[in-house]
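Data block below; observations after.
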Amino acid sequence: MKIDVILGLQWGDEGKGKIVDYLSEQYDVVARFQGGPNAGHTLHLNGHRYVLHTIPSGIFRPHIINLIGSGVVLDPVVLRRELEQLDRNGVDYRHRLLLARKAHLILPTHRWLDMASEAHKGQAKIGSTLKGIGPTYMDKTGRNGLRLGDIEQPDFRERYEMLKQKHLEILRLYPPVAFDIESAEAEWFDSLEILRKLPFVDSEYYVNDALNSGKRVLAEGAQGAMLDLDFGTYPYVTSSHTITAGVCVGLGLAPQRIGRVIGIFKAYCTRVGSGPFPTELTDALGEQLRQAGQEFGSTTGRPRRCGWLDVPQLHYTVQLTGATELCMTKLDVLGMLNEIAVATHYRYQGTQTDRLPYDLCQVDVEPVLKKYTSWKNDLKGVRSFDHLPVAARAYVEEVEALVGIPIRMVSIGPSREQLLTRVSLLA
């Protein structure tokens, strides 16, 4: 068997959680492979709204094993709060949520470092979520980090104190920021005791064994391909690999084990935090799009920057990820606008191009826009792609032609029932 992959193709917030929840019924295992609690996968189920930061989005399907893989950085406090949310809603997870021993731990001082570093940058800040994720990955690559499996070792507390002292030395280099380390530590160690009650696994063996035994496994990405550490809009990126290659290093799989790659993208673009955004709308239309789409971060609550769909950007991430099929989300939002546009090319240094320039973070590119007719219809009750307004179907079909990859699913709302499958395109 091969592992299938769901990835975001923009700057995150594409609606991956809903798609994972919808498709996970077909799988035995759902695995997170990178990122940390900066993810915010929102699901609307049975009248409840859930936001998952670390737990895979397959947790609400009672037959599915959910794995937090080795490439994830894990904050015990955030994970504990997610578990409490599941407990309050009667979700049984205790034997279905597995934690990789090699997943790195976010310490309280990692969060403190994140806050101090971002405050020190002033106007040059990158828009960190201040969850301690960047400093944790820095310790990982610096070979100083603590992993979940280390809590089973007799010298764990001693190693914790050594890393904490290293962080305190670094913090002396920054202007002071308010942080209650004693309270944060107490909550952190209490949360570790909760995590001890969950099954720990060697995820590289677990996932390969599952595939070898015929189990169907789905890898769930966090953030978006444009935030990839190497190939995103550096330095305004996350600290992990958000493209398909990240599945291999985050779960311990060989490249030939990759199967379907399902790329998720919004019918328009959004971005949280700093960094280039070629099609951004900074006028009243951008605010209308933000309000219509309720574009506020599920992790941070920050208003998202909004703009038109960017075809050169999509071409780029389809190439990076090897996406074999696409899902367009939030098509319904565009129907609330009087005008719709798509960027088909950029004007850059006096020429027209369909490629992202290396210096995108230093220069402005002008999007070449093509306008489309709005359908001005409420799509709430539509349950078939063929029943969409003609203009809405035409928009999907033209974007599909521009990108060159089949759009197999279209989302027109937050619930499971509002995901339209294009039956004619099913494999």
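Identifiers for the structure tokens are assigned positionally: chains receive A, B, ... in sequence, residues are indexed from 1 per chain, and ligands are indexed from 1 in the order shown.
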inquiry  = Would you pick out the contacts of Glu182 in chain A at 12 Å or less, using only C-alpha atoms, so that residues sharing its chain but fewer than 4 positions from it are not included, and give the list as a PyMOL selection string?
reply    = chain A and resi 108-109+186-189
Those same residues - N, CA and C atoms - I'd like them written as an mmCIF file, in the first residue's frame.
```cif
data_model
loop_
_atom_site.group_PDB
_atom_site.id
_atom_site.type_symbol
_atom_site.label_atom_id
_atom_site.label_comp_id
_atom_site.auth_asym_id
_atom_site.auth_seq_id
_atom_site.Cartn_x
_atom_site.Cartn_y
_atom_site.Cartn_z
ATOM 1 N N PRO A 108 8.333 25.360 27.993
ATOM 2 C CA PRO A 108 7.872 26.727 28.303
ATOM 3 C C PRO A 108 8.867 27.793 27.864
ATOM 4 N N THR A 109 10.159 27.522 28.022
ATOM 5 C CA THR A 109 11.158 28.512 27.636
ATOM 6 C C THR A 109 11.260 28.679 26.115
ATOM 7 N N ALA A 186 4.779 24.558 35.877
ATOM 8 C CA ALA A 186 3.883 23.699 36.658
ATOM 9 C C ALA A 186 2.820 23.085 35.756
ATOM 10 N N GLU A 187 2.232 23.908 34.875
ATOM 11 C CA GLU A 187 1.213 23.402 33.954
ATOM 12 C C GLU A 187 1.823 22.422 32.953
ATOM 13 N N TRP A 188 3.043 22.699 32.520
ATOM 14 C CA TRP A 188 3.717 21.847 31.536
ATOM 15 C C TRP A 188 3.969 20.454 32.096
ATOM 16 N N PHE A 189 4.510 20.363 33.309
ATOM 17 C CA PHE A 189 4.789 19.051 33.896
ATOM 18 C C PHE A 189 3.507 18.300 34.249
#
```
Near range 314-329 of chain A, within 9 Å and counting only C-alpha atoms, which residues show up once chain neighbours fewer than 3 positions away are dropped, as a ChimeraX atom specification? /A:5,7-10,14-15,19,225-226,231,242-245,259-268,309-311,332,354-356,396,400,402-413,419
For the residues in that selection, give me N, CA and C atoms as a compact mmCIF listing (two decimals), in the first residue's frame.
```txt
# COMPACT_ATOMS: atom_id res chain seq x y z
N VAL A 5 -1.85 11.65 0.74
CA VAL A 5 -1.42 12.89 1.40
C VAL A 5 -2.42 14.01 1.12
N LEU A 7 -2.53 18.16 1.51
CA LEU A 7 -1.68 19.32 1.75
C LEU A 7 -2.41 20.61 1.40
N GLY A 8 -2.04 21.69 2.05
CA GLY A 8 -2.50 23.02 1.65
C GLY A 8 -1.58 23.58 0.59
N LEU A 9 -2.13 24.20 -0.43
CA LEU A 9 -1.35 24.70 -1.55
C LEU A 9 -1.13 26.21 -1.52
N GLN A 10 -1.61 26.88 -0.47
CA GLN A 10 -1.44 28.33 -0.39
C GLN A 10 -0.64 28.67 0.86
N GLU A 14 -6.49 26.68 4.35
CA GLU A 14 -7.23 26.32 3.13
C GLU A 14 -8.47 25.48 3.41
N GLY A 15 -8.59 24.94 4.63
CA GLY A 15 -9.72 24.07 4.95
C GLY A 15 -9.35 22.60 4.95
N ILE A 19 -11.53 18.51 5.02
CA ILE A 19 -11.33 17.52 3.96
C ILE A 19 -10.77 16.23 4.55
N ALA A 225 1.86 25.06 1.53
CA ALA A 225 3.10 24.87 0.80
C ALA A 225 3.89 26.16 0.64
N MET A 226 3.21 27.31 0.62
CA MET A 226 3.93 28.59 0.49
C MET A 226 4.63 28.99 1.78
N PHE A 231 11.10 26.32 0.39
CA PHE A 231 10.52 26.75 -0.88
C PHE A 231 9.38 27.76 -0.74
N THR A 242 6.44 21.70 4.59
CA THR A 242 4.99 21.55 4.44
C THR A 242 4.60 20.89 3.12
N ILE A 243 5.57 20.50 2.31
CA ILE A 243 5.29 19.88 1.02
C ILE A 243 5.37 18.35 1.16
N THR A 244 5.14 17.65 0.08
CA THR A 244 5.04 16.18 0.13
C THR A 244 6.31 15.55 0.67
N ALA A 245 7.47 16.13 0.37
CA ALA A 245 8.73 15.58 0.89
C ALA A 245 8.72 15.53 2.41
N GLY A 259 1.38 7.93 -2.44
CA GLY A 259 0.34 7.62 -3.41
C GLY A 259 -0.33 8.88 -3.93
N ARG A 260 -1.64 9.02 -3.68
CA ARG A 260 -2.37 10.22 -4.08
C ARG A 260 -1.88 11.42 -3.28
N VAL A 261 -1.82 12.56 -3.94
CA VAL A 261 -1.51 13.82 -3.26
C VAL A 261 -2.66 14.79 -3.56
N ILE A 262 -3.45 15.06 -2.54
CA ILE A 262 -4.65 15.88 -2.69
C ILE A 262 -4.33 17.29 -2.21
N GLY A 263 -4.32 18.24 -3.14
CA GLY A 263 -3.99 19.62 -2.82
C GLY A 263 -5.25 20.43 -2.54
N ILE A 264 -5.26 21.14 -1.40
CA ILE A 264 -6.42 21.94 -1.01
C ILE A 264 -6.09 23.42 -1.25
N PHE A 265 -7.02 24.14 -1.85
CA PHE A 265 -6.83 25.59 -2.03
C PHE A 265 -8.17 26.29 -1.95
N LYS A 266 -8.14 27.53 -1.47
CA LYS A 266 -9.34 28.34 -1.45
C LYS A 266 -9.64 28.89 -2.84
N ALA A 267 -10.89 29.27 -3.05
CA ALA A 267 -11.30 29.90 -4.31
C ALA A 267 -10.72 31.30 -4.44
N TYR A 268 -10.10 31.78 -3.36
CA TYR A 268 -9.37 33.04 -3.35
C TYR A 268 -8.14 32.79 -2.49
N LEU A 309 -7.49 34.73 -6.18
CA LEU A 309 -6.77 33.50 -6.49
C LEU A 309 -5.57 33.80 -7.37
N ASP A 310 -4.46 33.11 -7.09
CA ASP A 310 -3.18 33.38 -7.74
C ASP A 310 -2.73 32.12 -8.48
N VAL A 311 -2.94 32.09 -9.79
CA VAL A 311 -2.63 30.88 -10.57
C VAL A 311 -1.13 30.61 -10.66
N ASP A 332 -18.43 29.27 -2.05
CA ASP A 332 -19.64 30.01 -1.70
C ASP A 332 -19.35 31.47 -1.37
N ASP A 354 4.81 33.66 -15.60
CA ASP A 354 3.94 32.82 -14.78
C ASP A 354 4.74 32.11 -13.69
N ARG A 355 5.94 32.65 -13.40
CA ARG A 355 6.81 32.06 -12.37
C ARG A 355 7.01 33.03 -11.21
N LEU A 356 7.19 32.47 -10.00
CA LEU A 356 7.46 33.30 -8.83
C LEU A 356 8.92 33.70 -8.82
N VAL A 396 -15.06 27.23 -11.54
CA VAL A 396 -14.30 26.05 -11.15
C VAL A 396 -13.62 25.42 -12.36
N GLU A 400 -9.60 25.08 -13.12
CA GLU A 400 -9.07 23.74 -13.39
C GLU A 400 -8.25 23.74 -14.67
N LEU A 402 -6.78 26.32 -16.07
CA LEU A 402 -5.58 27.16 -15.88
C LEU A 402 -4.49 26.41 -15.12
N VAL A 403 -4.89 25.63 -14.11
CA VAL A 403 -3.91 24.95 -13.28
C VAL A 403 -3.47 23.63 -13.91
N GLY A 404 -4.38 22.97 -14.63
CA GLY A 404 -4.03 21.74 -15.33
C GLY A 404 -4.11 20.48 -14.50
N ILE A 405 -4.79 20.55 -13.34
CA ILE A 405 -4.98 19.39 -12.46
C ILE A 405 -6.46 19.27 -12.16
N PRO A 406 -7.03 18.06 -12.15
CA PRO A 406 -8.48 17.94 -11.91
C PRO A 406 -8.90 18.40 -10.52
N ILE A 407 -9.95 19.20 -10.47
CA ILE A 407 -10.56 19.60 -9.19
C ILE A 407 -11.68 18.59 -8.91
N ARG A 408 -11.43 17.66 -8.01
CA ARG A 408 -12.38 16.57 -7.78
C ARG A 408 -13.44 16.91 -6.74
N MET A 409 -13.13 17.88 -5.87
CA MET A 409 -14.08 18.25 -4.82
C MET A 409 -14.16 19.76 -4.71
N VAL A 410 -15.35 20.24 -4.35
CA VAL A 410 -15.60 21.67 -4.16
C VAL A 410 -16.37 21.84 -2.86
N SER A 411 -15.86 22.68 -1.97
CA SER A 411 -16.53 22.93 -0.69
C SER A 411 -17.29 24.24 -0.75
N ILE A 412 -18.55 24.21 -0.28
CA ILE A 412 -19.40 25.41 -0.31
C ILE A 412 -19.92 25.76 1.09
N GLY A 413 -19.25 25.26 2.12
CA GLY A 413 -19.67 25.55 3.49
C GLY A 413 -18.90 24.69 4.47
N LEU A 419 -19.64 19.46 1.00
CA LEU A 419 -18.51 19.12 0.15
C LEU A 419 -19.05 18.38 -1.07
```
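When the distance limit is 10 Å and only C-alpha atoms are what count, the residues near Leu97 in chain A, minus those fewer than 2 positions from it on the same chain, are Val29, Val30, Ala31, Ile55, Pro56, Gly58, Ile59, Ile64, Ile65, Asn66, Leu67, Ile68, Asp92, Tyr93, Arg94, His95, Leu99, Leu198, Pro199 and Phe200 of chain A.
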How close does each residue of range 54-101 of chain A get to range 110-116 of chain A, giving the shortest atom pair and distance in Å to one decimal for every residue with an atom at most 12 Å away, counting only C-alpha atoms, sorted by chain and residue number, as JSON lines?
```
{"residue": "A:Val73", "atom": "CA", "partner": "A:His110", "partner_atom": "CA", "distance": 11.2}
{"residue": "A:Leu74", "atom": "CA", "partner": "A:His110", "partner_atom": "CA", "distance": 11.4}
{"residue": "A:Asp75", "atom": "CA", "partner": "A:Arg111", "partner_atom": "CA", "distance": 9.7}
{"residue": "A:Val77", "atom": "CA", "partner": "A:Arg111", "partner_atom": "CA", "distance": 11.8}
```
Residue subset to file, keeping C-alpha atoms, as a compact mmCIF listing (two decimals), in the first residue's frame:
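Saved as out10.txt:
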```
# COMPACT_ATOMS: atom_id res chain seq x y z
CA VAL A 73 6.74 19.49 17.62
CA LEU A 74 4.44 18.95 20.55
CA ASP A 75 3.37 21.26 23.38
CA VAL A 77 -0.19 21.94 27.50
```
Any chance you could tabulate, as CSV, the residues of range 235-352 of chain A at most 10 Å from range 371-385 of chain A with each one's nearest atom pair and distance in Å to one decimal, using only C-alpha atoms, in chain and rising number order?
```
residue,atom,partner,partner_atom,distance
A:Leu331,CA,A:Leu379,CA,8.8
A:Asp332,CA,A:Leu379,CA,5.9
A:Val333,CA,A:Asp378,CA,9.0
A:Leu334,CA,A:Ser374,CA,7.1
A:Gly335,CA,A:Lys376,CA,4.7
A:Met336,CA,A:Lys376,CA,5.8
A:Leu337,CA,A:Ser374,CA,6.7
A:Asn338,CA,A:Ser374,CA,6.0
A:Glu339,CA,A:Ser374,CA,5.8
A:Ile340,CA,A:Tyr372,CA,5.2
A:Ala341,CA,A:Lys371,CA,4.2
A:Val342,CA,A:Lys371,CA,6.5
A:Ala343,CA,A:Lys371,CA,8.9
```
Can you write out the residues you just picked, keeping N, CA and C atoms, as a short mmCIF file (atom, residue, chain, number, x, y, z; two decimals), in the first residue's frame?
```
data_model
loop_
_atom_site.label_atom_id
_atom_site.label_comp_id
_atom_site.auth_asym_id
_atom_site.auth_seq_id
_atom_site.Cartn_x
_atom_site.Cartn_y
_atom_site.Cartn_z
N LEU A 331 -15.89 28.20 -2.16
CA LEU A 331 -16.45 28.74 -3.39
C LEU A 331 -17.66 29.62 -3.08
N ASP A 332 -18.43 29.27 -2.05
CA ASP A 332 -19.64 30.01 -1.70
C ASP A 332 -19.35 31.47 -1.37
N VAL A 333 -18.17 31.74 -0.82
CA VAL A 333 -17.84 33.11 -0.40
C VAL A 333 -17.81 34.06 -1.60
N LEU A 334 -17.28 33.60 -2.72
CA LEU A 334 -17.17 34.47 -3.90
C LEU A 334 -18.53 34.90 -4.41
N GLY A 335 -19.55 34.08 -4.17
CA GLY A 335 -20.89 34.42 -4.62
C GLY A 335 -21.49 35.62 -3.90
N MET A 336 -20.86 36.04 -2.80
CA MET A 336 -21.34 37.20 -2.06
C MET A 336 -20.76 38.51 -2.60
N LEU A 337 -19.84 38.42 -3.55
CA LEU A 337 -19.17 39.61 -4.08
C LEU A 337 -19.81 40.06 -5.39
N ASN A 338 -19.61 41.32 -5.71
CA ASN A 338 -20.12 41.85 -6.98
C ASN A 338 -19.17 41.59 -8.13
N GLU A 339 -17.89 41.43 -7.82
CA GLU A 339 -16.91 41.15 -8.86
C GLU A 339 -15.92 40.10 -8.37
N ILE A 340 -15.37 39.34 -9.29
CA ILE A 340 -14.41 38.27 -9.00
C ILE A 340 -13.28 38.38 -10.01
N ALA A 341 -12.06 38.12 -9.55
CA ALA A 341 -10.92 38.13 -10.47
C ALA A 341 -9.94 37.03 -10.08
N VAL A 342 -9.09 36.67 -11.03
CA VAL A 342 -8.04 35.67 -10.84
C VAL A 342 -6.76 36.21 -11.47
N ALA A 343 -5.64 36.04 -10.79
CA ALA A 343 -4.35 36.41 -11.37
C ALA A 343 -3.85 35.26 -12.24
#
```
### Query
Got a sec: who's within 7 Å of range 282-286 of chain A, counting only C-alpha atoms, leaving out chain neighbours fewer than 4 positions off, as a count of residues only?
3
As a check of understanding: the span from CA of Gly252 in chain A to CA of Asp202 in chain A is 9.7 Å
Pick out each residue of range 155-367 of chain A that DSSP on the backbone tags as helix (DSSP H, G or I); I need them as a compact mmCIF listing (two decimals) with C-alpha atoms, in the first residue's frame.
```txt
# COMPACT_ATOMS: atom_id res chain seq x y z
CA PHE A 156 14.84 13.44 31.82
CA ARG A 157 14.53 16.11 34.51
CA GLU A 158 18.28 16.73 34.46
CA ARG A 159 18.27 17.14 30.67
CA TYR A 160 15.25 19.44 30.92
CA GLU A 161 17.08 21.70 33.37
CA MET A 162 20.17 21.83 31.13
CA LEU A 163 18.12 22.95 28.13
CA LYS A 164 16.17 25.42 30.23
CA GLN A 165 19.41 27.00 31.49
CA LYS A 166 20.66 27.33 27.91
CA HIS A 167 17.44 29.19 27.04
CA LEU A 168 17.76 31.49 30.06
CA GLU A 169 21.27 32.43 28.93
CA ILE A 170 19.96 33.34 25.47
CA LEU A 171 17.07 35.32 26.95
CA ILE A 181 7.98 30.72 34.06
CA GLU A 182 6.97 29.08 37.36
CA SER A 183 3.30 28.88 36.43
CA ALA A 184 4.10 27.75 32.89
CA GLU A 185 6.41 25.00 34.14
CA ALA A 186 3.88 23.70 36.66
CA GLU A 187 1.21 23.40 33.95
CA TRP A 188 3.72 21.85 31.54
CA PHE A 189 4.79 19.05 33.90
CA ASP A 190 1.18 18.37 34.91
CA SER A 191 0.30 18.03 31.24
CA LEU A 192 3.18 15.62 30.65
CA GLU A 193 1.59 13.26 33.19
CA ILE A 194 -1.60 13.24 31.09
CA LEU A 195 0.41 12.40 27.98
CA SER A 203 6.16 5.95 14.29
CA GLU A 204 8.52 4.99 11.46
CA TYR A 205 7.96 1.31 12.23
CA TYR A 206 4.28 1.81 12.95
CA VAL A 207 3.46 3.50 9.64
CA ASN A 208 5.55 1.16 7.49
CA ASP A 209 4.07 -1.88 9.25
CA ALA A 210 0.56 -0.51 8.72
CA LEU A 211 1.16 -0.04 4.98
CA ASN A 212 2.82 -3.45 4.67
CA ALA A 225 3.10 24.87 0.80
CA MET A 226 3.93 28.59 0.49
CA LEU A 227 5.15 28.46 4.10
CA ALA A 245 8.73 15.58 0.89
CA GLY A 246 7.90 16.45 4.50
CA VAL A 247 5.77 13.30 4.72
CA CYS A 248 8.83 11.15 4.12
CA VAL A 249 11.02 12.81 6.74
CA GLY A 250 8.19 13.43 9.20
CA LEU A 251 6.90 9.87 9.27
CA PRO A 255 9.50 8.44 -1.43
CA GLN A 256 8.11 5.51 -3.42
CA ARG A 257 5.50 4.96 -0.71
CA ALA A 284 -12.92 47.88 0.86
CA LEU A 285 -13.24 44.85 -1.41
CA GLY A 286 -10.58 43.05 0.60
CA GLU A 287 -12.48 43.81 3.81
CA GLN A 288 -15.71 42.59 2.20
CA LEU A 289 -13.97 39.34 1.27
CA ARG A 290 -12.62 38.99 4.82
CA GLN A 291 -16.05 39.46 6.38
CA ALA A 292 -17.84 37.23 3.85
CA GLY A 293 -15.35 34.42 4.41
CA VAL A 311 -2.63 30.88 -10.57
CA PRO A 312 1.19 31.32 -10.84
CA GLN A 313 1.41 30.60 -7.12
CA LEU A 314 -0.81 27.52 -7.51
CA HIS A 315 1.27 26.24 -10.44
CA TYR A 316 4.34 26.58 -8.22
CA THR A 317 2.95 24.57 -5.29
CA VAL A 318 1.40 21.92 -7.54
CA GLN A 319 4.90 21.41 -8.96
CA LEU A 320 6.49 21.28 -5.47
CA THR A 321 3.97 18.85 -4.05
CA LEU A 331 -16.45 28.74 -3.39
CA ASP A 332 -19.64 30.01 -1.70
CA VAL A 333 -17.84 33.11 -0.40
CA LEU A 334 -17.17 34.47 -3.90
```
So what do you get for CA of Gly132 in chain A versus CA of Asn38 in chain A, distance-wise?
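Straight-line distance from CA of Gly132 in chain A to CA of Asn38 in chain A works out to 9.2 Å.
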Using only C-alpha atoms, the residue out of A:Val72, A:Leu281, A:Leu148, A:Ile6 with shortest distance to Arg304 in chain A is A:Leu281
